[in-house]
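Participant: Structure provided below as structure tokens; questions to follow.
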Amino acid sequence: VEMEAQPVASQVSPVHSSENSTEMLQEAKEDEGERHEKKKEKSLLFVPPHLRIVQIQETPMILGPKETIFDNLTYGIKYPTPQDKENDKEKQELRCKKIMRRLGFHEVVLQKHLHEKNFLGTAGIKITRADRQLISIGRALVMNPEVIIAHKPTAILNETQADNVLDMFKEFVENRGVFMNPEEPLVKRRRRTLIYSAKSERTAVIADMVFCAAGGRIKPLKLTDSNGKLLPEEERIKAISKGFEGKGDIDNEHDVGSGFKSRLMRGRRGRKNK
């Protein structure tokens, strides 16, 4: 992302006619150009090319009607050649089914309608909003990016479905992916980060860092003891509840400033020894 840099004011004094006036003016312009480029470089936000980020919206995004459930779950996955895609199709289907079962999706649908066209309808109108949201969340987990950003991912789900989603989110970060190749060592996988917004203490308690919007600033709640270890779950729930009411203890060491309006939670990061 490139932000506009403010133009640098010229430091060149008026040049009177002389043999060296042209050279002096040229040097001054070059110096000004260098300063402008340096300032421009400072305004750049570098995103590593290997870093993949997937967003889950509160309103589910579903492809249809010709696209199937499997098409939705595997959308965006790239393969070197069509042959590689065809060879990997069976493995991907098995992994998709495992993920959707864990999320609480309908077993009958997975068995009979996974590849059925027109089953979802236009933008998924033939299925419930909750089912659409589960497909949207499943798509993100199948993609297995380094970062997932989710806005109220459990808002339209029932309690059981919400618990399933939160459990999957924890596993995604701690295991650095879900239903990964068991033969692949954990240390060879990149760490995963999950950032999501929540509207209740129950959905926020799984996070290791919780931020609340207060007074136009994002303020992190203090959820650790003097040794830096996370507090027990009951104490974290109380702290988060106070934070939602604007009365929580603030962790001043991690104050991230202003510019945000919604509560943000960062997922549990991988342990240091992994």
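The chains in the structure tokens are called A, B, ... from first to last as shown; in each chain the residues are counted from 1, and the ligands are counted from 1 in the order shown.
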Tell me, as a PyMOL selection string, which residues lie within 12 Å of Pro232 of chain A, counting only C-alpha atoms; anything in the same chain fewer than 3 positions away does not count.

Facilitator: chain A and resi 205-206+208+223-225+229+235-239

Participant: Any chance you could list, as a list in words, the residues in segment 56-227 of chain A that come up strand (DSSP E) when DSSP is run on the backbone?

Facilitator: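 Everything in segment 56-227 of chain A that counts as strand (DSSP E) is Ile56, Val147, Ile148, Ile149, Ala150, His151, Thr193, Leu194, Ile195, Tyr196, Ser197, Met209, Val210, Phe211, Cys212, Ala213, Ala214, Arg217, Ile218, Lys219 and Pro220 of chain A.
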
Participant: Within 12 Å of Thr193 of chain A, counting only C-alpha atoms, which residues show up once you throw out same-chain ones fewer than 2 positions away? Write them as an MDAnalysis selection string, please.

Facilitator: chainID A and resid 51:54 144:150 169:177 190:191 195:196 207:209 265:270

Participant: Taking 2 positions as the minimum chain separation for residues in the same chain, which residues sit within 10 Å of segment 84-97 of chain A when counting only C-alpha atoms? Answer as a list of chain:residue names.

Facilitator: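 What passes the distance filter is A:Ile69, A:Phe70, A:Leu73, A:Thr74, A:Ile77, A:Lys78, A:Tyr79, A:Pro80, A:Thr81, A:Pro82, A:Ile99, A:Met100, A:Arg101, A:Arg102, A:Leu103, A:Phe105, A:Glu107, A:Leu110, A:Gln111, A:Leu114, A:His115, A:Ile135, A:Gly138, A:Arg139, A:Leu141, A:Val142, A:Val178, A:Phe179, A:Met180.
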
Participant: In Å, rounded to a single decimal, give me how far atom CA of Asp71 of chain A is from atom CA of Glu184 of chain A.

Facilitator: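 Spanning atom CA of Glu184 of chain A to atom CA of Asp71 of chain A is a straight-line distance of 26.3 Å.
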
Participant: Could you write out, as number ranges by chain, all the residues of segment 24-238 of chain A that DSSP marks as helix (DSSP H, G or I)?

Facilitator: A: 24-42, 69-73, 82-103, 107-112, 122-124, 129-143, 159-174, 186-188, 201-204, 233-238

Participant: Which neighbours of Glu58 of chain A fall inside 7 Å, counting only C-alpha atoms, when residues of the same chain fewer than 4 positions from it are skipped, and could you give them as an mmCIF file with C-alpha atoms, in the first residue's frame?

Facilitator:
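Saved to around_1.cif:
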data_model
loop_
_atom_site.group_PDB
_atom_site.id
_atom_site.type_symbol
_atom_site.label_atom_id
_atom_site.label_comp_id
_atom_site.auth_asym_id
_atom_site.auth_seq_id
_atom_site.Cartn_x
_atom_site.Cartn_y
_atom_site.Cartn_z
ATOM 1 C CA HIS A 151 -15.700 -9.700 11.410
ATOM 2 C CA LYS A 152 -18.202 -11.190 13.862
ATOM 3 C CA PRO A 153 -17.798 -14.706 12.447
#

Participant: My list of candidates is A:Leu230, A:Ile125, A:Ala155, A:Val109. Which is closest to Gln57 of chain A when distances are computed with only C-alpha atoms?

Facilitator: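 Selected residue with least distance to Gln57 of chain A: A:Ala155.
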
Participant: Pick the closest to Glu67 of chain A from A:Lys242, A:Lys199, A:His106, A:His113: which is it, counting only C-alpha atoms?

Facilitator: A:His113

Participant: Find, counting only C-alpha atoms, the residue in A:Gly64, A:Val165, A:Arg189, A:Gly243 that gets nearest to Ile218 of chain A.

Facilitator: A:Gly243

Participant: Using only C-alpha atoms, which of A:Gly104, A:Pro60, A:Gly76, A:Pro182 sits nearest Ala123 of chain A?

Facilitator: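 Of all the options, A:Pro60 lies closest to Ala123 of chain A.
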
Participant: For the atom pair atom CA of His50 of chain A and atom CA of Arg192 of chain A, what is the interatomic distance in Å to one decimal place?

Facilitator: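 Computing the Euclidean distance for atom CA of His50 of chain A and atom CA of Arg192 of chain A yields 12.7 Å.
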